[in-house]
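Trainee: Mind looking over this structure? Questions follow.
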Amino acid sequence: MAKKIVLITGVTRGLGRAMVDEFVRLGHTVLGCGRSEAVIEQLRRQAGPPHDFATVDVASDDEVKAWASRLLSLHGPPDLVLNNAGVINRNAPLWEISAREFSQVIDVNVKGMANVIRHFVPEMVRRKRGIIVNFSSGWGRTTDAGVAPYCATKWAIEGLTQALAQELPPGLAAVPFNPGIINADMLRSSFGSSASGYPVPEEWAKVTVPFLLKLGPADNGKPLTAPVRGAND
Ligand SMILES: NC(=O)c1ccc[n+]([C@@H]2O[C@H](COP(=O)([O-])OP(=O)(O)OC[C@H]3O[C@@H](n4cnc5c(N)ncnc54)[C@H](OP(=O)(O)O)[C@@H]3O)[C@@H](O)[C@H]2O)c1
């Protein structure tokens, strides 16, 4: 398989961190971001060039713009964009979530994804090639009590991605992607101790990275789910 340039947001923990190791192991170039400076520095030391890790808050359009401008001039447009960065509200009924917390979930999960698309996709369109995978959730297709703000963002991502798919020219694809249920920090926040019954990110990445590498223009607009145990329940 040809070596790809893979852009991943949210590489400091969980699924993003596990995907970095797997893409690097398979010989692809990873361009990643997250907010935790110490982990970004550690990734830089561990992976080395041509991989590139930066401290970027995807909720800041200015930070994403500067990040995109630097990466596009160094590497050209990415082949695969994994909009993975996300946050979840603390478990609580909607009426107990402050306006500030509600905004934070929207700013990262929805506006952050749009910021990345705004600054990276024009060059992909110009080159007429590239796949955009927007991380949704089972809670982008169903709902549960206690996670209304998160559900609102993941349902938004499903709609945003379907509309984007209708806008892209031939050669590109955008897909909303449900990664399944994985024992990462985010799951522990909503599931508590029962999170331990689910696969860890490293196991998940071993099967999911090859699945993501096979996506092509024919997948444009298809709501997809990771090929892992329980993801379709
Ligand atoms: N785990 C699951 O079972 C599950 C299920 C369905 C969907 N998902 C989705 O899969 C994705 C990854 O989830 P996860 O479980 O790996 O979550 P996680 O363990 O909480 O990791 C989230 C990652 O996103 C980064 N991030 C958060 N806010 C950011 C921001 N403003 N700018 C840049 N990076 C940011 C975090 O890094 P910093 O804190 O360093 O910024 C971290 O690296 C999310 O979109 C999530 O909604 C997960």
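Just so we're on the same page: first chain in the structure tokens is A, next is B, and so on; residues restart at 1 for each chain, and ligands are numbered from 1 in the order they show up.
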If you run DSSP on the backbone here, which positions in region 31-97 of chain A get helix (DSSP H, G or I)? Please write them as a ChimeraX atom specification.
Mentor: /A:37-47,61-75,94-96
Trainee: Save the residues we just selected, C-alpha atoms, as a JSON list (two decimals), in the first residue's frame?
Mentor:
[["chain", "number", "residue", "atom", "x", "y", "z"],
["A", 37, "GLU", "CA", 2.19, 20.16, 25.64],
["A", 38, "ALA", "CA", 4.17, 17.54, 27.57],
["A", 39, "VAL", "CA", 2.67, 14.64, 25.60],
["A", 40, "ILE", "CA", 3.16, 16.45, 22.28],
["A", 41, "GLU", "CA", 6.82, 16.98, 23.19],
["A", 42, "GLN", "CA", 7.17, 13.30, 24.11],
["A", 43, "LEU", "CA", 5.56, 12.25, 20.77],
["A", 44, "ARG", "CA", 8.01, 14.52, 18.91],
["A", 45, "ARG", "CA", 10.96, 12.87, 20.62],
["A", 46, "GLN", "CA", 9.60, 9.36, 20.19],
["A", 47, "ALA", "CA", 8.47, 9.48, 16.52],
["A", 61, "ASP", "CA", -9.73, 28.91, 14.32],
["A", 62, "ASP", "CA", -6.54, 31.01, 14.45],
["A", 63, "GLU", "CA", -4.45, 28.16, 15.88],
["A", 64, "VAL", "CA", -5.80, 25.69, 13.30],
["A", 65, "LYS", "CA", -5.16, 28.21, 10.50],
["A", 66, "ALA", "CA", -1.50, 28.65, 11.49],
["A", 67, "TRP", "CA", -1.05, 24.87, 11.96],
["A", 68, "ALA", "CA", -2.56, 24.16, 8.51],
["A", 69, "SER", "CA", -0.47, 26.81, 6.80],
["A", 70, "ARG", "CA", 2.76, 25.35, 8.23],
["A", 71, "LEU", "CA", 1.88, 21.71, 7.51],
["A", 72, "LEU", "CA", 0.55, 22.35, 3.99],
["A", 73, "SER", "CA", 3.74, 24.16, 3.02],
["A", 74, "LEU", "CA", 5.94, 21.37, 4.46],
["A", 75, "HIS", "CA", 3.98, 18.25, 3.45],
["A", 94, "LEU", "CA", -29.19, 18.77, 30.45],
["A", 95, "TRP", "CA", -30.68, 21.33, 32.85],
["A", 96, "GLU", "CA", -27.72, 20.92, 35.20]]
Trainee: Hey, which residues come within 7 Å of ligand 1 if we count only C-alpha atoms and all ligand atoms? Could you give them as a PyMOL selection string?
Mentor: chain A and resi 9-17+33-36+56-59+84-88+108-109+112+135-138+178-187
Trainee: Tell me which of A:Ala226, A:Leu164, A:Val147, A:Ile132 sits closest to Val105 (chain A), counting only C-alpha atoms.
Mentor: A:Val147
Trainee: Which of these, A:Asp21, A:Asn220, A:Arg188, A:Ile5, has the shortest distance to Ala205 (chain A) once you count only C-alpha atoms?
Mentor: A:Asp21
Trainee: DSSP on the backbone, strand (DSSP E or B) only: what residues of region 147-190 of chain A does that give? Format it as an NGL selection string.
Mentor: :A and (172-178)
Trainee: Include N, CA, C and O atoms and write out the residues we just selected as a PDB file, in the first residue's frame.
Mentor:
ATOM      1  N   LEU A 172     -12.717  12.907  -3.730  1.00  0.00           N
ATOM      2  CA  LEU A 172     -12.649  13.089  -2.281  1.00  0.00           C
ATOM      3  C   LEU A 172     -13.816  12.366  -1.626  1.00  0.00           C
ATOM      4  O   LEU A 172     -14.797  12.023  -2.285  1.00  0.00           O
ATOM      5  N   ALA A 173     -13.705  12.146  -0.321  1.00  0.00           N
ATOM      6  CA  ALA A 173     -14.817  11.551   0.427  1.00  0.00           C
ATOM      7  C   ALA A 173     -14.823  12.091   1.846  1.00  0.00           C
ATOM      8  O   ALA A 173     -13.761  12.381   2.414  1.00  0.00           O
ATOM      9  N   ALA A 174     -16.033  12.235   2.388  1.00  0.00           N
ATOM     10  CA  ALA A 174     -16.196  12.557   3.815  1.00  0.00           C
ATOM     11  C   ALA A 174     -17.123  11.508   4.410  1.00  0.00           C
ATOM     12  O   ALA A 174     -18.169  11.212   3.827  1.00  0.00           O
ATOM     13  N   VAL A 175     -16.712  10.944   5.566  1.00  0.00           N
ATOM     14  CA  VAL A 175     -17.570   9.953   6.214  1.00  0.00           C
ATOM     15  C   VAL A 175     -17.714  10.253   7.707  1.00  0.00           C
ATOM     16  O   VAL A 175     -16.739  10.592   8.378  1.00  0.00           O
ATOM     17  N   PRO A 176     -18.954  10.120   8.222  1.00  0.00           N
ATOM     18  CA  PRO A 176     -19.126  10.129   9.669  1.00  0.00           C
ATOM     19  C   PRO A 176     -18.785   8.738  10.174  1.00  0.00           C
ATOM     20  O   PRO A 176     -19.204   7.737   9.585  1.00  0.00           O
ATOM     21  N   PHE A 177     -18.007   8.665  11.256  1.00  0.00           N
ATOM     22  CA  PHE A 177     -17.438   7.382  11.680  1.00  0.00           C
ATOM     23  C   PHE A 177     -17.725   7.131  13.160  1.00  0.00           C
ATOM     24  O   PHE A 177     -17.308   7.916  14.018  1.00  0.00           O
ATOM     25  N   ASN A 178     -18.409   6.025  13.431  1.00  0.00           N
ATOM     26  CA  ASN A 178     -18.629   5.598  14.822  1.00  0.00           C
ATOM     27  C   ASN A 178     -17.516   4.625  15.194  1.00  0.00           C
ATOM     28  O   ASN A 178     -17.455   3.528  14.647  1.00  0.00           O
TER      29      ASN A 178
END
Trainee: Given only C-alpha atoms as the basis, pick out the residue of A:Pro201, A:Leu215, A:Asp107, A:Lys222 nearest to Gln166 (chain A).
Mentor: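 The answer is A:Lys222, which sits nearest to Gln166 (chain A).
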Trainee: Measure the distance from CA of Thr29 (chain A) to CA of Met124 (chain A) in Å and round it to one decimal.
Mentor: 16.5 Å
Trainee: Which residues come within 12 Å of Lys214 (chain A), counting only C-alpha atoms, excluding same-chain residues fewer than 4 positions away, as a ChimeraX atom specification?
Mentor: /A:1-2,4,79-80,130-131,207-210,218-219
Trainee: Ranking A:Gly27, A:Pro93, A:Gly32, A:Gly48 by minimum distance to Asp144 (chain A) and counting only C-alpha atoms, which one comes first?
Mentor: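 Checking each of A:Gly27, A:Pro93, A:Gly32, A:Gly48 against Asp144 (chain A), counting only C-alpha atoms, the winner is A:Pro93.
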Trainee: Within 8 Å of Arg90 (chain A), counting only C-alpha atoms, which residues show up once you throw out same-chain ones fewer than 5 positions away? Write them as a PyMOL selection string, please.
Mentor: chain A and resi 146-147+189-190
Trainee: Mind pulling up the distance from CA of Leu31 (chain A) to CA of Phe53 (chain A)?
Mentor: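 Between CA of Phe53 (chain A) and CA of Leu31 (chain A) the gap is 5.9 Å.
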Trainee: Considering only C-alpha atoms, state which residue in the set A:Phe102, A:Cys151, A:Asn91, A:Pro77 is at the smallest distance from Gly192 (chain A).
Mentor: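 Closest residue, counting only C-alpha atoms: A:Asn91.
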Trainee: Using only C-alpha atoms, which protein or nucleic acid residues come within 9 Å of Glu123 (chain A)? Drop anything in the same chain fewer than 4 positions from it, and give the result as a PyMOL selection string.
Mentor: chain A and resi 72+76-78+119+127-128
